[in-house]
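Q: This is the structure, below, for whatever I ask next.
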Amino acid sequence: MEKPDWRSALEPAVNAALEFLEGLPERAVRPVLDPDAMLASIDASIAENGMPAADVVKALARDADPGLNAMPSGRFFGWVIGGGLPAAVAADWLTSAWDQNTGMAIGTPAAAAFEQVALRDILELLELPASCSSALVTGAQMANTTCLAAARNRVLAAVGHDVETEGLIGAPAVNLVVSAERHDTVLRALRLLGLGAGTALAVETDARGAMRPDALAGVLAKLSGPTIVCAQIGNVNSGAIDPMNAVCDAVDALRSRAPDGAVWLHADGAFGLWARASTRLRDLAAGAERADSWATDAHKWLNTPYDCGIAIVKDSAAHRRSMAVRAAYLPDPNAFAARSPMDWTPEFSRRARGFAVYAALRQLGRRGVRELIERCCDHAQAFAAQLGALPGARLLCPVELNQVLVRFADPAGKGDAARDDAHTREVVRRVLAEGTCFMSDTTWHGFAAMRISVSNWSTDESDVARSVASIARAHR
Ligand SMILES: Cc1ncc(COP(=O)(O)O)c(C=O)c1O
């Protein structure tokens, strides 16, 4: 057996990572190869004999490069994608090197403790009750799933049904109520939990894409029995935040005539929940603390590397009942006061995500978190002002947070909506082809739109100016 030679494997990785990260300011913000060309370029079968680790790493860095997107670039505005903060990226490397299976605190006191402290800090920054339980999961998809598993447990327990042992077959029906513009991961969470996405009642939204509380009250007025309501703190297109106090009032009215615990309000705040970390923006999400559970992400606005989502639950007993697992070969997780992560997550073996979250929080400090969120929103406002001033460009929604929706009229289209749709998508295509910046397109209330999400810690004014100039060229 060869002696492990870590240095010769890790040094080329450091070099390749630095080359990528330090090259971001000049690198085209798009992959060179499309997915099929990328696959074809590496699709050779495994050789009989292995290679030295250093050669593997060098070849991997070389061969992956044409298919990498400059997602951590300050000019990447597609979907909702943060870049990794330097301390968080470095901590993530250590996480791989340390390779701690972070299911049990007893197995890895360090990973469990850093995770627990990072989660405590997040509750404080987001102004959520310190008594909430929480979990680091793969992303908001699994955070929604984890929270809704706790919800399913509690609302069914309220009517005498133990879903963890008895399952859903023969269980009392659960009313599901979601915003008409809920993120699709909420529906997938309902599917994964056996609740069925198709049974959810959709509540009308307003022109900004936020749930209308009067419509919610109307839907809830007709319901009785176990009910789960899903609100949204940050519409993936517009950034609009549901009016949480009014939503909570409507839910409370239902609670007042339902058995104790039979009504649960979940809030999907994958990125928007971070508005609460800013004194300036916090009012947008006022009342969110009245919900029963919240899903958010660290890998979006906190700018940790993928993958890292956060599930937060007010009823920690329901959370634990829905997730905890025991096995004879595992030590008792209750032997210590420190929390054992696997009691709170759907995973058994799991990555030590807490190190990167802790590092991001410590690099930023309270002020840095606040400034990161506010800076991104300021850049979104700058995009709106500069793009809105272009002839033929029209903002489809006021910018509340970090998301911008803009549409471009076809200069020869004479106001024809279909031609403006086609032109808008063509502007996005041209921008991507040029490679100065990356944005995605969407359909917003029936209209094609370019959507811009400012979620990266490193975006600055010059990134916005260069991107606006590129979009203006594409529009002309
Ligand atoms: C509102 C909302 N919920 C959930 C998700 C899913 O998040 P993730 O990709 O981290 O699972 C997103 C992703 O953009 C989102 O915007």
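In the structure tokens, chains take letters A, B, ... by order of appearance, with residues numbered from 1 within each chain and ligands from 1 in the order shown.
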From region 121-299 of chain A, collect each residue whose DSSP state is alpha helix (DSSP H) and return the set as a PyMOL selection string.
A: chain A and resi 121-125+140-157+163-166+184-192+213-221+244-255
Q: Just want the residues within 8 Å of ligand 1, written as an mmCIF file with all heavy atoms, in the first residue's frame, counting only C-alpha atoms and all ligand atoms.
A:
data_model
loop_
_atom_site.group_PDB
_atom_site.id
_atom_site.type_symbol
_atom_site.label_atom_id
_atom_site.label_comp_id
_atom_site.auth_asym_id
_atom_site.auth_seq_id
_atom_site.Cartn_x
_atom_site.Cartn_y
_atom_site.Cartn_z
ATOM 1 N N TRP A 79 -31.064 32.902 -11.739
ATOM 2 C CA TRP A 79 -31.805 32.215 -10.671
ATOM 3 C C TRP A 79 -31.639 32.952 -9.334
ATOM 4 O O TRP A 79 -31.781 34.170 -9.306
ATOM 5 C CB TRP A 79 -31.375 30.740 -10.657
ATOM 6 C CG TRP A 79 -31.517 30.179 -12.062
ATOM 7 C CD1 TRP A 79 -32.678 30.053 -12.770
ATOM 8 C CD2 TRP A 79 -30.458 29.783 -12.969
ATOM 9 N NE1 TRP A 79 -32.402 29.578 -14.042
ATOM 10 C CE2 TRP A 79 -31.073 29.401 -14.195
ATOM 11 C CE3 TRP A 79 -29.072 29.686 -12.869
ATOM 12 C CZ2 TRP A 79 -30.348 28.948 -15.294
ATOM 13 C CZ3 TRP A 79 -28.352 29.231 -13.970
ATOM 14 C CH2 TRP A 79 -28.986 28.867 -15.160
ATOM 15 N N VAL A 80 -31.301 32.245 -8.250
ATOM 16 C CA VAL A 80 -30.916 32.961 -7.008
ATOM 17 C C VAL A 80 -29.672 32.235 -6.500
ATOM 18 O O VAL A 80 -29.768 31.206 -5.827
ATOM 19 C CB VAL A 80 -32.025 32.931 -5.930
ATOM 20 C CG1 VAL A 80 -31.614 33.802 -4.735
ATOM 21 C CG2 VAL A 80 -33.365 33.398 -6.480
ATOM 22 N N ILE A 81 -28.509 32.778 -6.849
ATOM 23 C CA ILE A 81 -27.259 32.047 -6.623
ATOM 24 C C ILE A 81 -26.267 32.971 -5.927
ATOM 25 O O ILE A 81 -25.911 34.012 -6.463
ATOM 26 C CB ILE A 81 -26.654 31.606 -7.986
ATOM 27 C CG1 ILE A 81 -27.666 30.825 -8.820
ATOM 28 C CG2 ILE A 81 -25.339 30.879 -7.793
ATOM 29 C CD1 ILE A 81 -27.635 29.344 -8.718
ATOM 30 N N THR A 138 -29.714 20.094 2.853
ATOM 31 C CA THR A 138 -29.023 20.348 1.582
ATOM 32 C C THR A 138 -29.402 21.678 0.940
ATOM 33 O O THR A 138 -28.619 22.231 0.170
ATOM 34 C CB THR A 138 -29.327 19.222 0.573
ATOM 35 O OG1 THR A 138 -30.745 19.050 0.528
ATOM 36 C CG2 THR A 138 -28.663 17.930 0.978
ATOM 37 N N GLY A 139 -30.598 22.168 1.177
ATOM 38 C CA GLY A 139 -31.040 23.412 0.548
ATOM 39 C C GLY A 139 -32.446 23.704 1.002
ATOM 40 O O GLY A 139 -33.015 22.986 1.851
ATOM 41 N N ALA A 140 -33.043 24.753 0.431
ATOM 42 C CA ALA A 140 -34.399 25.106 0.841
ATOM 43 C C ALA A 140 -35.395 24.009 0.473
ATOM 44 O O ALA A 140 -36.422 23.852 1.136
ATOM 45 C CB ALA A 140 -34.808 26.437 0.230
ATOM 46 N N GLN A 141 -35.101 23.247 -0.585
ATOM 47 C CA GLN A 141 -35.985 22.117 -0.903
ATOM 48 C C GLN A 141 -36.134 21.203 0.310
ATOM 49 O O GLN A 141 -37.245 20.870 0.719
ATOM 50 C CB GLN A 141 -35.423 21.324 -2.095
ATOM 51 C CG GLN A 141 -36.090 19.980 -2.324
ATOM 52 C CD GLN A 141 -37.518 20.103 -2.844
ATOM 53 O OE1 GLN A 141 -37.722 20.345 -4.016
ATOM 54 N NE2 GLN A 141 -38.505 19.932 -1.970
ATOM 55 N N MET A 142 -35.007 20.789 0.886
ATOM 56 C CA MET A 142 -35.093 19.873 2.023
ATOM 57 C C MET A 142 -35.459 20.596 3.312
ATOM 58 O O MET A 142 -35.985 19.982 4.250
ATOM 59 C CB MET A 142 -33.784 19.080 2.177
ATOM 60 C CG MET A 142 -33.628 17.999 1.119
ATOM 61 S SD MET A 142 -35.129 17.004 0.834
ATOM 62 C CE MET A 142 -35.243 16.099 2.375
ATOM 63 N N ALA A 143 -35.209 21.909 3.353
ATOM 64 C CA ALA A 143 -35.663 22.673 4.527
ATOM 65 C C ALA A 143 -37.189 22.727 4.519
ATOM 66 O O ALA A 143 -37.846 22.530 5.551
ATOM 67 C CB ALA A 143 -35.057 24.073 4.512
ATOM 68 N N ASN A 144 -37.773 22.986 3.327
ATOM 69 C CA ASN A 144 -39.239 22.942 3.234
ATOM 70 C C ASN A 144 -39.751 21.560 3.633
ATOM 71 O O ASN A 144 -40.734 21.427 4.365
ATOM 72 C CB ASN A 144 -39.683 23.261 1.794
ATOM 73 C CG ASN A 144 -39.685 24.760 1.501
ATOM 74 O OD1 ASN A 144 -40.001 25.566 2.365
ATOM 75 N ND2 ASN A 144 -39.351 25.132 0.273
ATOM 76 N N ARG A 182 -46.279 29.986 -4.963
ATOM 77 C CA ARG A 182 -45.310 29.265 -4.127
ATOM 78 C C ARG A 182 -44.194 28.723 -5.002
ATOM 79 O O ARG A 182 -44.375 28.460 -6.180
ATOM 80 C CB ARG A 182 -45.991 28.108 -3.366
ATOM 81 C CG ARG A 182 -46.282 26.906 -4.255
ATOM 82 C CD ARG A 182 -47.473 27.125 -5.138
ATOM 83 N NE ARG A 182 -47.607 26.333 -6.314
ATOM 84 C CZ ARG A 182 -46.941 26.434 -7.457
ATOM 85 N NH1 ARG A 182 -45.983 27.300 -7.593
ATOM 86 N NH2 ARG A 182 -47.182 25.688 -8.493
ATOM 87 N N HIS A 183 -43.036 28.541 -4.403
ATOM 88 C CA HIS A 183 -41.945 27.916 -5.149
ATOM 89 C C HIS A 183 -42.286 26.442 -5.350
ATOM 90 O O HIS A 183 -42.910 25.806 -4.487
ATOM 91 C CB HIS A 183 -40.628 28.057 -4.378
ATOM 92 C CG HIS A 183 -39.431 27.765 -5.217
ATOM 93 N ND1 HIS A 183 -38.882 26.518 -5.304
ATOM 94 C CD2 HIS A 183 -38.702 28.557 -6.036
ATOM 95 C CE1 HIS A 183 -37.842 26.561 -6.123
ATOM 96 N NE2 HIS A 183 -37.712 27.798 -6.584
ATOM 97 N N ASP A 184 -41.839 25.901 -6.463
ATOM 98 C CA ASP A 184 -42.212 24.509 -6.780
ATOM 99 C C ASP A 184 -41.639 23.495 -5.797
ATOM 100 O O ASP A 184 -42.145 22.366 -5.693
ATOM 101 C CB ASP A 184 -41.814 24.180 -8.218
ATOM 102 C CG ASP A 184 -42.670 24.990 -9.184
ATOM 103 O OD1 ASP A 184 -43.845 24.644 -9.378
ATOM 104 O OD2 ASP A 184 -42.168 26.011 -9.697
ATOM 105 N N THR A 185 -40.612 23.891 -5.079
ATOM 106 C CA THR A 185 -40.067 22.951 -4.087
ATOM 107 C C THR A 185 -41.050 22.705 -2.940
ATOM 108 O O THR A 185 -40.970 21.677 -2.271
ATOM 109 C CB THR A 185 -38.731 23.466 -3.507
ATOM 110 O OG1 THR A 185 -38.910 24.801 -3.044
ATOM 111 C CG2 THR A 185 -37.625 23.437 -4.543
ATOM 112 N N VAL A 186 -41.954 23.655 -2.717
ATOM 113 C CA VAL A 186 -42.973 23.429 -1.674
ATOM 114 C C VAL A 186 -43.884 22.285 -2.121
ATOM 115 O O VAL A 186 -44.198 21.375 -1.343
ATOM 116 C CB VAL A 186 -43.786 24.718 -1.409
ATOM 117 C CG1 VAL A 186 -44.996 24.443 -0.538
ATOM 118 C CG2 VAL A 186 -42.890 25.771 -0.755
ATOM 119 N N GLN A 232 -44.907 32.638 1.771
ATOM 120 C CA GLN A 232 -43.619 32.781 1.071
ATOM 121 C C GLN A 232 -42.972 34.120 1.440
ATOM 122 O O GLN A 232 -43.610 35.166 1.366
ATOM 123 C CB GLN A 232 -43.885 32.720 -0.431
ATOM 124 C CG GLN A 232 -42.648 32.823 -1.288
ATOM 125 C CD GLN A 232 -42.923 32.331 -2.697
ATOM 126 O OE1 GLN A 232 -42.556 31.225 -3.051
ATOM 127 N NE2 GLN A 232 -43.582 33.145 -3.488
ATOM 128 N N ILE A 233 -41.719 34.040 1.791
ATOM 129 C CA ILE A 233 -40.979 35.261 2.126
ATOM 130 C C ILE A 233 -39.931 35.412 1.039
ATOM 131 O O ILE A 233 -38.797 34.940 1.163
ATOM 132 C CB ILE A 233 -40.376 35.160 3.544
ATOM 133 C CG1 ILE A 233 -41.516 34.922 4.542
ATOM 134 C CG2 ILE A 233 -39.603 36.421 3.894
ATOM 135 C CD1 ILE A 233 -41.098 34.804 5.971
ATOM 136 N N GLY A 234 -40.322 36.012 -0.062
ATOM 137 C CA GLY A 234 -39.417 36.171 -1.204
ATOM 138 C C GLY A 234 -39.860 35.340 -2.391
ATOM 139 O O GLY A 234 -39.498 34.172 -2.512
ATOM 140 N N ASN A 235 -40.671 35.963 -3.252
ATOM 141 C CA ASN A 235 -41.105 35.313 -4.496
ATOM 142 C C ASN A 235 -39.887 35.155 -5.408
ATOM 143 O O ASN A 235 -39.129 36.103 -5.599
ATOM 144 C CB ASN A 235 -42.175 36.218 -5.145
ATOM 145 C CG ASN A 235 -42.717 35.692 -6.442
ATOM 146 O OD1 ASN A 235 -41.958 35.404 -7.357
ATOM 147 N ND2 ASN A 235 -44.028 35.589 -6.542
ATOM 148 N N VAL A 236 -39.697 33.955 -5.953
ATOM 149 C CA VAL A 236 -38.467 33.673 -6.707
ATOM 150 C C VAL A 236 -38.305 34.603 -7.913
ATOM 151 O O VAL A 236 -37.191 34.857 -8.361
ATOM 152 C CB VAL A 236 -38.406 32.186 -7.124
ATOM 153 C CG1 VAL A 236 -39.388 31.885 -8.254
ATOM 154 C CG2 VAL A 236 -36.992 31.780 -7.524
ATOM 155 N N ASN A 237 -39.400 35.146 -8.419
ATOM 156 C CA ASN A 237 -39.298 36.082 -9.541
ATOM 157 C C ASN A 237 -39.168 37.529 -9.063
ATOM 158 O O ASN A 237 -38.238 38.234 -9.435
ATOM 159 C CB ASN A 237 -40.535 35.952 -10.441
ATOM 160 C CG ASN A 237 -40.447 34.727 -11.336
ATOM 161 O OD1 ASN A 237 -39.435 34.498 -11.994
ATOM 162 N ND2 ASN A 237 -41.490 33.921 -11.351
ATOM 163 N N ASP A 268 -41.784 29.751 3.493
ATOM 164 C CA ASP A 268 -40.619 29.463 2.649
ATOM 165 C C ASP A 268 -39.899 30.790 2.413
ATOM 166 O O ASP A 268 -40.360 31.628 1.647
ATOM 167 C CB ASP A 268 -41.092 28.851 1.319
ATOM 168 C CG ASP A 268 -39.943 28.656 0.327
ATOM 169 O OD1 ASP A 268 -38.777 28.880 0.701
ATOM 170 O OD2 ASP A 268 -40.227 28.274 -0.830
ATOM 171 N N GLY A 269 -38.761 30.932 3.083
ATOM 172 C CA GLY A 269 -37.997 32.183 2.962
ATOM 173 C C GLY A 269 -36.600 31.894 2.444
ATOM 174 O O GLY A 269 -35.614 32.361 3.013
ATOM 175 N N ALA A 270 -36.523 31.127 1.367
ATOM 176 C CA ALA A 270 -35.238 30.615 0.880
ATOM 177 C C ALA A 270 -34.178 31.715 0.832
ATOM 178 O O ALA A 270 -33.050 31.525 1.249
ATOM 179 C CB ALA A 270 -35.416 29.976 -0.490
ATOM 180 N N PHE A 271 -34.574 32.879 0.305
ATOM 181 C CA PHE A 271 -33.631 34.004 0.349
ATOM 182 C C PHE A 271 -34.225 35.182 1.123
ATOM 183 O O PHE A 271 -33.548 35.849 1.899
ATOM 184 C CB PHE A 271 -33.186 34.412 -1.061
ATOM 185 C CG PHE A 271 -34.288 34.861 -1.979
ATOM 186 C CD1 PHE A 271 -34.540 36.197 -2.175
ATOM 187 C CD2 PHE A 271 -35.102 33.933 -2.634
ATOM 188 C CE1 PHE A 271 -35.571 36.621 -3.018
ATOM 189 C CE2 PHE A 271 -36.119 34.345 -3.482
ATOM 190 C CZ PHE A 271 -36.363 35.690 -3.661
ATOM 191 N N GLY A 272 -35.561 35.402 0.957
ATOM 192 C CA GLY A 272 -36.171 36.613 1.512
ATOM 193 C C GLY A 272 -36.125 36.715 3.023
ATOM 194 O O GLY A 272 -36.172 37.817 3.580
ATOM 195 N N ALA A 295 -38.196 27.943 6.194
ATOM 196 C CA ALA A 295 -37.114 27.338 5.406
ATOM 197 C C ALA A 295 -36.288 28.474 4.827
ATOM 198 O O ALA A 295 -36.840 29.465 4.345
ATOM 199 C CB ALA A 295 -37.702 26.506 4.270
ATOM 200 N N THR A 296 -34.981 28.340 4.897
ATOM 201 C CA THR A 296 -34.138 29.313 4.213
ATOM 202 C C THR A 296 -32.852 28.626 3.761
ATOM 203 O O THR A 296 -32.689 27.426 3.925
ATOM 204 C CB THR A 296 -33.869 30.556 5.099
ATOM 205 O OG1 THR A 296 -33.262 31.573 4.289
ATOM 206 C CG2 THR A 296 -32.970 30.237 6.281
ATOM 207 N N ASP A 297 -31.996 29.417 3.142
ATOM 208 C CA ASP A 297 -30.744 28.870 2.611
ATOM 209 C C ASP A 297 -29.558 29.645 3.145
ATOM 210 O O ASP A 297 -29.630 30.871 3.319
ATOM 211 C CB ASP A 297 -30.720 29.002 1.079
ATOM 212 C CG ASP A 297 -31.261 27.776 0.377
ATOM 213 O OD1 ASP A 297 -30.956 26.656 0.830
ATOM 214 O OD2 ASP A 297 -31.978 27.938 -0.626
ATOM 215 N N HIS A 299 -26.731 28.850 1.293
ATOM 216 C CA HIS A 299 -25.968 28.893 0.035
ATOM 217 C C HIS A 299 -26.478 29.958 -0.940
ATOM 218 O O HIS A 299 -25.860 30.178 -1.967
ATOM 219 C CB HIS A 299 -25.890 27.511 -0.633
ATOM 220 C CG HIS A 299 -27.190 26.875 -1.026
ATOM 221 N ND1 HIS A 299 -27.344 25.512 -1.036
ATOM 222 C CD2 HIS A 299 -28.379 27.372 -1.427
ATOM 223 C CE1 HIS A 299 -28.570 25.211 -1.428
ATOM 224 N NE2 HIS A 299 -29.219 26.325 -1.680
ATOM 225 N N LYS A 300 -27.575 30.588 -0.615
ATOM 226 C CA LYS A 300 -28.006 31.713 -1.439
ATOM 227 C C LYS A 300 -27.427 32.993 -0.838
ATOM 228 O O LYS A 300 -26.302 33.369 -1.129
ATOM 229 C CB LYS A 300 -29.542 31.769 -1.520
ATOM 230 C CG LYS A 300 -30.149 30.649 -2.364
ATOM 231 C CD LYS A 300 -31.644 30.854 -2.564
ATOM 232 C CE LYS A 300 -32.224 29.885 -3.580
ATOM 233 N NZ LYS A 300 -32.149 28.464 -3.151
ATOM 234 N N ASP A 307 -23.787 22.517 -0.621
ATOM 235 C CA ASP A 307 -25.198 22.762 -0.497
ATOM 236 C C ASP A 307 -25.544 22.963 0.967
ATOM 237 O O ASP A 307 -25.147 22.203 1.809
ATOM 238 C CB ASP A 307 -25.988 21.574 -1.058
ATOM 239 C CG ASP A 307 -25.439 20.234 -0.588
ATOM 240 O OD1 ASP A 307 -24.669 20.208 0.389
ATOM 241 O OD2 ASP A 307 -25.767 19.201 -1.175
ATOM 242 N N CYS A 308 -26.332 24.014 1.222
ATOM 243 C CA CYS A 308 -26.623 24.309 2.617
ATOM 244 C C CYS A 308 -27.928 25.071 2.808
ATOM 245 O O CYS A 308 -28.008 26.267 2.515
ATOM 246 C CB CYS A 308 -25.469 25.086 3.231
ATOM 247 S SG CYS A 308 -25.608 25.181 5.013
ATOM 248 N N GLY A 309 -28.949 24.362 3.243
ATOM 249 C CA GLY A 309 -30.233 24.981 3.577
ATOM 250 C C GLY A 309 -30.467 24.902 5.076
ATOM 251 O O GLY A 309 -29.756 24.185 5.796
#
Q: Could you pull the residues within 8 Å of region 375-382 of chain A, counting only C-alpha atoms, minus those fewer than 2 positions along the same chain, as a list in words?
A: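 The filter keeps Glu371, Leu372, Ile373, Ala384, Ala385, Gln386, Val399, Glu400, Leu401, Asn402, Gln403, Val404, Ile452, Ser453, Val454, Ser455, Asn456, Trp457, Thr459, Asp460, Glu461 and Val464 of chain A.
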Q: Work out how far apart CA of Ala110 (chain A) and CA of Ser133 (chain A) are and give it in Å to one decimal.
A: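 Distance reported for this atom pair: 19.0 Å.
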Q: Provide the CA of Val263 (chain A) to CA of Arg212 (chain A) distance in Å, to one decimal place.
A: 18.9 Å
